[in-house]
$ cat entry-v5.cif   # mmCIF, N, CA and C atoms
data_data
loop_
_atom_site.label_atom_id
_atom_site.label_comp_id
_atom_site.auth_asym_id
_atom_site.auth_seq_id
_atom_site.Cartn_x
_atom_site.Cartn_y
_atom_site.Cartn_z
N MET A 1 0.86 -1.16 0.00
CA MET A 1 0.00 0.00 0.00
C MET A 1 0.91 1.23 0.00
N VAL A 2 0.67 2.14 -0.94
CA VAL A 2 1.47 3.35 -1.08
C VAL A 2 0.59 4.53 -0.68
N ARG A 3 1.09 5.37 0.24
CA ARG A 3 0.28 6.49 0.75
C ARG A 3 0.98 7.82 0.51
N ARG A 4 0.18 8.79 0.08
CA ARG A 4 0.63 10.17 -0.09
C ARG A 4 -0.55 11.08 0.19
N LYS A 5 -0.40 11.94 1.16
CA LYS A 5 -1.45 12.87 1.59
C LYS A 5 -2.74 12.10 1.84
N LYS A 6 -3.81 12.39 1.08
CA LYS A 6 -5.09 11.71 1.29
C LYS A 6 -5.29 10.53 0.34
N SER A 7 -4.27 10.21 -0.45
CA SER A 7 -4.37 9.14 -1.44
C SER A 7 -3.75 7.85 -0.94
N THR A 8 -4.39 6.74 -1.27
CA THR A 8 -3.86 5.41 -0.96
C THR A 8 -3.92 4.58 -2.24
N ILE A 9 -2.80 3.98 -2.61
CA ILE A 9 -2.72 3.13 -3.80
C ILE A 9 -2.38 1.73 -3.34
N PHE A 10 -3.19 0.76 -3.75
CA PHE A 10 -2.91 -0.63 -3.41
C PHE A 10 -2.25 -1.30 -4.61
N LEU A 11 -1.06 -1.86 -4.39
CA LEU A 11 -0.30 -2.55 -5.44
C LEU A 11 0.04 -3.95 -4.98
N ASP A 12 0.17 -4.85 -5.94
CA ASP A 12 0.57 -6.23 -5.65
C ASP A 12 2.02 -6.39 -6.09
N ALA A 13 2.92 -6.52 -5.12
CA ALA A 13 4.34 -6.65 -5.42
C ALA A 13 4.93 -7.80 -4.61
N LYS A 14 5.95 -8.41 -5.14
CA LYS A 14 6.63 -9.52 -4.47
C LYS A 14 7.83 -9.00 -3.68
N GLU A 15 8.37 -9.86 -2.82
CA GLU A 15 9.53 -9.50 -1.99
C GLU A 15 10.74 -9.10 -2.83
N ASN A 16 10.90 -9.75 -3.99
CA ASN A 16 12.07 -9.48 -4.82
C ASN A 16 11.84 -8.35 -5.82
N THR A 17 10.71 -7.65 -5.73
CA THR A 17 10.46 -6.48 -6.57
C THR A 17 11.38 -5.35 -6.12
N THR A 18 12.01 -4.69 -7.08
CA THR A 18 12.89 -3.58 -6.72
C THR A 18 12.05 -2.32 -6.49
N VAL A 19 12.63 -1.39 -5.76
CA VAL A 19 11.96 -0.11 -5.51
C VAL A 19 11.73 0.60 -6.84
N GLY A 20 12.68 0.48 -7.77
CA GLY A 20 12.52 1.07 -9.10
C GLY A 20 11.33 0.50 -9.84
N ASP A 21 11.13 -0.82 -9.74
CA ASP A 21 9.96 -1.45 -10.37
C ASP A 21 8.66 -0.97 -9.73
N LEU A 22 8.68 -0.78 -8.43
CA LEU A 22 7.50 -0.28 -7.72
C LEU A 22 7.16 1.14 -8.20
N LYS A 23 8.19 1.94 -8.43
CA LYS A 23 7.97 3.30 -8.94
C LYS A 23 7.36 3.26 -10.34
N LYS A 24 7.74 2.27 -11.15
CA LYS A 24 7.15 2.14 -12.49
C LYS A 24 5.66 1.79 -12.40
N MET A 25 5.30 0.95 -11.41
CA MET A 25 3.88 0.64 -11.19
C MET A 25 3.11 1.90 -10.80
N ILE A 26 3.72 2.71 -9.93
CA ILE A 26 3.09 3.95 -9.49
C ILE A 26 2.95 4.93 -10.66
N GLU A 27 3.94 4.93 -11.55
CA GLU A 27 3.90 5.81 -12.72
C GLU A 27 2.67 5.51 -13.58
N GLY A 28 2.32 4.24 -13.69
CA GLY A 28 1.15 3.86 -14.47
C GLY A 28 -0.15 4.43 -13.92
N ILE A 29 -0.16 4.75 -12.64
CA ILE A 29 -1.37 5.30 -12.00
C ILE A 29 -1.30 6.82 -11.91
N THR A 30 -0.16 7.35 -11.47
CA THR A 30 -0.05 8.79 -11.21
C THR A 30 0.44 9.60 -12.41
N LYS A 31 0.99 8.92 -13.42
CA LYS A 31 1.57 9.57 -14.61
C LYS A 31 2.79 10.43 -14.28
N LYS A 32 3.39 10.19 -13.10
CA LYS A 32 4.64 10.87 -12.72
C LYS A 32 5.79 9.89 -12.95
N PRO A 33 6.85 10.29 -13.67
CA PRO A 33 7.97 9.37 -13.92
C PRO A 33 8.69 9.00 -12.62
N PRO A 34 9.35 7.84 -12.60
CA PRO A 34 10.07 7.40 -11.39
C PRO A 34 11.10 8.41 -10.89
N SER A 35 11.68 9.20 -11.78
CA SER A 35 12.67 10.19 -11.35
C SER A 35 12.05 11.31 -10.51
N GLU A 36 10.72 11.45 -10.56
CA GLU A 36 10.03 12.48 -9.79
C GLU A 36 9.31 11.89 -8.57
N GLN A 37 9.62 10.62 -8.23
CA GLN A 37 9.00 9.96 -7.09
C GLN A 37 10.06 9.62 -6.04
N GLN A 38 9.67 9.71 -4.79
CA GLN A 38 10.55 9.28 -3.71
C GLN A 38 9.71 8.42 -2.77
N LEU A 39 10.19 7.20 -2.50
CA LEU A 39 9.46 6.28 -1.63
C LEU A 39 10.16 6.20 -0.28
N TYR A 40 9.34 6.02 0.77
CA TYR A 40 9.84 5.98 2.14
C TYR A 40 9.38 4.69 2.81
N ASN A 41 10.26 4.08 3.61
CA ASN A 41 9.88 2.88 4.36
C ASN A 41 9.17 3.28 5.64
N LYS A 42 8.89 2.30 6.51
CA LYS A 42 8.12 2.59 7.73
C LYS A 42 8.85 3.52 8.70
N GLU A 43 10.17 3.63 8.58
CA GLU A 43 10.93 4.57 9.42
C GLU A 43 11.05 5.93 8.76
N ASP A 44 10.34 6.13 7.66
CA ASP A 44 10.34 7.38 6.90
C ASP A 44 11.72 7.74 6.36
N THR A 45 12.51 6.73 6.01
CA THR A 45 13.78 6.97 5.33
C THR A 45 13.61 6.63 3.85
N VAL A 46 14.34 7.35 3.01
CA VAL A 46 14.21 7.19 1.56
C VAL A 46 14.69 5.81 1.12
N MET A 47 13.90 5.17 0.26
CA MET A 47 14.24 3.84 -0.26
C MET A 47 15.02 4.01 -1.57
N GLU A 48 16.07 3.21 -1.73
CA GLU A 48 16.93 3.28 -2.92
C GLU A 48 16.36 2.42 -4.04
N ASP A 49 16.42 2.92 -5.28
CA ASP A 49 15.80 2.26 -6.43
C ASP A 49 16.32 0.85 -6.71
N ASP A 50 17.61 0.60 -6.44
CA ASP A 50 18.19 -0.69 -6.80
C ASP A 50 18.00 -1.77 -5.74
N LYS A 51 17.39 -1.44 -4.61
CA LYS A 51 17.17 -2.43 -3.55
C LYS A 51 15.81 -3.10 -3.71
N ASN A 52 15.74 -4.33 -3.19
CA ASN A 52 14.47 -5.07 -3.20
C ASN A 52 13.62 -4.65 -2.01
N LEU A 53 12.32 -4.92 -2.10
CA LEU A 53 11.42 -4.63 -0.99
C LEU A 53 11.82 -5.42 0.26
N SER A 54 12.33 -6.64 0.05
CA SER A 54 12.75 -7.46 1.19
C SER A 54 13.92 -6.83 1.95
N ASP A 55 14.73 -6.02 1.26
CA ASP A 55 15.84 -5.32 1.93
C ASP A 55 15.34 -4.33 2.98
N TYR A 56 14.09 -3.92 2.85
CA TYR A 56 13.47 -2.98 3.79
C TYR A 56 12.50 -3.67 4.74
N GLY A 57 12.56 -5.00 4.77
CA GLY A 57 11.71 -5.75 5.69
C GLY A 57 10.29 -5.96 5.20
N LEU A 58 10.05 -5.68 3.92
CA LEU A 58 8.71 -5.87 3.35
C LEU A 58 8.65 -7.27 2.73
N THR A 59 8.25 -8.23 3.55
CA THR A 59 8.19 -9.62 3.12
C THR A 59 6.76 -10.14 3.22
N SER A 60 6.53 -11.34 2.71
CA SER A 60 5.19 -11.92 2.73
C SER A 60 4.72 -12.24 4.15
N THR A 61 5.65 -12.39 5.08
CA THR A 61 5.24 -12.65 6.47
C THR A 61 4.77 -11.37 7.15
N VAL A 62 5.24 -10.22 6.67
CA VAL A 62 4.86 -8.93 7.25
C VAL A 62 3.67 -8.31 6.51
N ALA A 63 3.72 -8.36 5.19
CA ALA A 63 2.70 -7.72 4.36
C ALA A 63 1.73 -8.77 3.81
N LYS A 64 0.50 -8.69 4.25
CA LYS A 64 -0.54 -9.61 3.80
C LYS A 64 -1.69 -8.81 3.21
N ALA A 65 -2.55 -9.46 2.45
CA ALA A 65 -3.68 -8.77 1.81
C ALA A 65 -4.56 -8.08 2.84
N GLN A 66 -4.80 -8.72 3.97
CA GLN A 66 -5.68 -8.14 4.99
C GLN A 66 -4.96 -7.11 5.87
N ALA A 67 -3.63 -7.08 5.81
CA ALA A 67 -2.84 -6.10 6.57
C ALA A 67 -1.62 -5.71 5.73
N PRO A 68 -1.83 -4.87 4.71
CA PRO A 68 -0.72 -4.55 3.80
C PRO A 68 0.35 -3.68 4.46
N ALA A 69 1.56 -3.80 3.92
CA ALA A 69 2.66 -2.94 4.38
C ALA A 69 2.47 -1.56 3.78
N GLU A 70 2.93 -0.56 4.50
CA GLU A 70 2.73 0.83 4.06
C GLU A 70 4.05 1.44 3.62
N VAL A 71 4.03 2.10 2.47
CA VAL A 71 5.17 2.82 1.92
C VAL A 71 4.72 4.25 1.67
N GLY A 72 5.54 5.22 2.06
CA GLY A 72 5.21 6.63 1.83
C GLY A 72 5.69 7.07 0.46
N LEU A 73 5.00 8.07 -0.11
CA LEU A 73 5.34 8.58 -1.44
C LEU A 73 5.35 10.11 -1.42
N SER A 74 6.37 10.69 -2.03
CA SER A 74 6.38 12.14 -2.24
C SER A 74 6.86 12.38 -3.67
N PHE A 75 6.48 13.53 -4.20
CA PHE A 75 6.84 13.91 -5.57
C PHE A 75 7.80 15.09 -5.55
N LYS A 76 8.53 15.22 -6.65
CA LYS A 76 9.40 16.37 -6.83
C LYS A 76 8.50 17.57 -7.17
N GLN A 77 8.75 18.70 -6.51
CA GLN A 77 7.93 19.89 -6.74
C GLN A 77 8.28 20.52 -8.08
N ASP A 78 7.25 21.03 -8.75
CA ASP A 78 7.46 21.69 -10.05
C ASP A 78 8.28 22.96 -9.85
N GLY A 79 9.17 23.20 -10.76
CA GLY A 79 9.95 24.43 -10.73
C GLY A 79 11.18 24.36 -9.86
N SER A 80 11.02 24.20 -8.55
CA SER A 80 12.16 24.27 -7.64
C SER A 80 13.03 23.03 -7.67
N GLY A 81 12.44 21.88 -8.00
CA GLY A 81 13.20 20.64 -8.01
C GLY A 81 13.37 20.02 -6.63
N ASP A 82 12.82 20.66 -5.60
CA ASP A 82 12.88 20.11 -4.25
C ASP A 82 11.80 19.05 -4.08
N TRP A 83 12.01 18.17 -3.10
CA TRP A 83 11.02 17.14 -2.79
C TRP A 83 10.00 17.70 -1.81
N GLU A 84 8.74 17.37 -2.03
CA GLU A 84 7.72 17.78 -1.07
C GLU A 84 7.90 16.96 0.20
N ASP A 85 7.44 17.50 1.31
CA ASP A 85 7.52 16.79 2.58
C ASP A 85 6.60 15.58 2.54
N LEU A 86 7.04 14.50 3.17
CA LEU A 86 6.21 13.31 3.25
C LEU A 86 5.02 13.62 4.14
N GLU A 87 3.83 13.41 3.59
CA GLU A 87 2.61 13.67 4.34
C GLU A 87 1.62 12.53 4.09
N LYS A 88 1.20 11.88 5.17
CA LYS A 88 0.21 10.82 5.09
C LYS A 88 -0.92 11.18 6.04
N THR A 89 -2.05 11.60 5.49
CA THR A 89 -3.18 12.00 6.31
C THR A 89 -3.72 10.78 7.05
N PRO A 90 -3.88 10.86 8.36
CA PRO A 90 -4.41 9.71 9.12
C PRO A 90 -5.83 9.38 8.67
N TYR A 91 -6.13 8.10 8.73
CA TYR A 91 -7.49 7.68 8.41
C TYR A 91 -8.44 8.16 9.48
N SER A 92 -9.69 8.42 9.10
CA SER A 92 -10.68 8.85 10.08
C SER A 92 -11.15 7.67 10.91
N SER A 93 -11.67 7.96 12.08
CA SER A 93 -12.20 6.92 12.96
C SER A 93 -13.72 6.93 12.85
N PRO A 94 -14.34 5.77 12.88
CA PRO A 94 -15.79 5.74 12.82
C PRO A 94 -16.39 6.29 14.11
N PRO A 95 -17.61 6.79 14.04
CA PRO A 95 -18.24 7.29 15.27
C PRO A 95 -18.55 6.14 16.22
N GLU A 96 -18.72 6.46 17.50
CA GLU A 96 -19.04 5.44 18.49
C GLU A 96 -20.44 4.90 18.23
N LEU A 97 -20.60 3.60 18.48
CA LEU A 97 -21.91 2.96 18.30
C LEU A 97 -22.90 3.46 19.34
N PRO A 98 -24.16 3.63 18.95
CA PRO A 98 -25.18 3.95 19.95
C PRO A 98 -25.33 2.78 20.92
N ASP A 99 -25.79 3.05 22.14
CA ASP A 99 -25.89 2.02 23.17
C ASP A 99 -26.71 0.82 22.72
N VAL A 100 -27.78 1.04 21.97
CA VAL A 100 -28.64 -0.08 21.57
C VAL A 100 -27.94 -1.01 20.59
N MET A 101 -26.86 -0.55 19.95
CA MET A 101 -26.16 -1.38 18.98
C MET A 101 -24.93 -2.06 19.57
N LYS A 102 -24.56 -1.70 20.79
CA LYS A 102 -23.37 -2.28 21.41
C LYS A 102 -23.66 -3.72 21.82
N PRO A 103 -22.68 -4.61 21.65
CA PRO A 103 -22.88 -6.01 22.05
C PRO A 103 -23.04 -6.13 23.56
N GLY A 104 -23.81 -7.15 23.99
CA GLY A 104 -23.99 -7.40 25.41
C GLY A 104 -25.16 -6.67 26.03
N GLN A 105 -25.94 -5.95 25.23
CA GLN A 105 -27.12 -5.26 25.76
C GLN A 105 -28.25 -6.27 25.93
N ASP A 106 -29.11 -6.05 26.92
CA ASP A 106 -30.25 -6.94 27.13
C ASP A 106 -31.21 -6.83 25.97
N SER A 107 -31.69 -7.99 25.52
CA SER A 107 -32.65 -7.98 24.42
C SER A 107 -34.00 -7.43 24.88
N SER A 108 -34.29 -7.50 26.20
CA SER A 108 -35.57 -6.99 26.70
C SER A 108 -35.64 -5.47 26.54
N VAL A 109 -34.50 -4.79 26.63
CA VAL A 109 -34.48 -3.35 26.44
C VAL A 109 -34.85 -3.02 24.99
N GLN A 110 -34.30 -3.80 24.07
CA GLN A 110 -34.60 -3.56 22.66
C GLN A 110 -36.06 -3.91 22.36
N GLU A 111 -36.60 -4.95 23.00
CA GLU A 111 -38.00 -5.33 22.76
C GLU A 111 -38.94 -4.26 23.27
N GLN A 112 -38.63 -3.67 24.40
CA GLN A 112 -39.48 -2.61 24.96
C GLN A 112 -39.50 -1.42 24.04
N ALA A 113 -38.40 -1.11 23.42
CA ALA A 113 -38.34 0.03 22.53
C ALA A 113 -39.20 -0.21 21.30
N VAL A 114 -39.29 -1.47 20.86
CA VAL A 114 -40.07 -1.81 19.67
C VAL A 114 -41.56 -1.85 20.02
N ALA A 115 -41.92 -2.37 21.21
CA ALA A 115 -43.32 -2.57 21.58
C ALA A 115 -44.09 -1.32 21.77
#

$ encode --input "entry-v5.cif" --output "structure tokens"
Amino acid sequence: MVRRKKSTIFLDAKENTTVGDLKKMIEGITKKPPSEQQLYNKEDTVMEDDKNLSDYGLTSTVAKAQAPAEVGLSFKQDGSGDWEDLEKTPYSSPPELPDVMKPGQDSSVQEQAVA
């Protein structure tokens, strides 16, 4: 899973996929060439193009379909040539369940409300 600001991109990559190959996959979606992309591992350090994902601890034992590994993405800014700051907007939290929907409530309370 590749994250940048409010965007999340889900990609299917193997342990032996290089960071450069991952950038080519991202290019197909974002239309930004690999030279204008910078990827970050979970420690927010820049990943090198010639290394494999397994070199950064992204293996099949860590990254699964139901719990994908997260990689940060930033682009080169137009004009200045500087890299934008890595920004990953946190996901929102769902609202708290109303009391009648919480597990463990007496069914008699719910029946009285219906009757």

$ resolve_selection --input "entry-v5.cif" --expression "the PyMOL selection byres ((chain A and resi 53) around 7)" --output "PyMOL selection string"
chain A and resi 14-19+51-52+54-59

$ atom_distance --input "entry-v5.cif" --atom1 "atom N of Ser80 (chain A)" --atom2 "CA of Met47 (chain A)"
22.2 Å

$ resolve_selection --input "entry-v5.cif" --expression "the PyMOL selection byres ((chain A and resi 38-41) around 7)" --output "PyMOL selection string"
chain A and resi 34-37+42-48+56+70-76

$ select_by_dssp --input "entry-v5.cif" --residues "region 6-98 of chain A" --states "alpha helix (DSSP H)" --output "number ranges by chain"
A: 19-30

$ atom_distance --input "entry-v5.cif" --atom1 "CA of Ile9 (chain A)" --atom2 "atom N of Glu96 (chain A)"
26.8 Å

$ atom_distance --input "entry-v5.cif" --atom1 "CA of Asp50 (chain A)" --atom2 "CA of Glu87 (chain A)"
23.9 Å

$ residues_around --input "entry-v5.cif" --residues "Lys6 (chain A)" --least-positions-apart "4" --cutoff "10 Å" --atoms "only C-alpha atoms" --output "ChimeraX atom specification"
/A:87-91

$ select_by_dssp --input "entry-v5.cif" --residues "chain A" --states "strand (DSSP E)" --output "list in words"
Val2, Arg3, Arg4, Ser7, Thr8, Ile9, Gln37, Gln38, Leu39, Tyr40, Val71, Gly72, Leu73, Ser74 and Phe75 of chain A

$ closest_residue --input "entry-v5.cif" --among "A:Leu86, A:Gln66, A:Lys32, A:Ser92" --to "Lys5 (chain A)" --atoms "all atoms listed in the file"
A:Leu86

$ closest_residue --input "entry-v5.cif" --among "A:Ser93, A:Asp49, A:Val100, A:Thr8" --to "Lys23 (chain A)" --atoms "only N, CA and C atoms"
A:Asp49
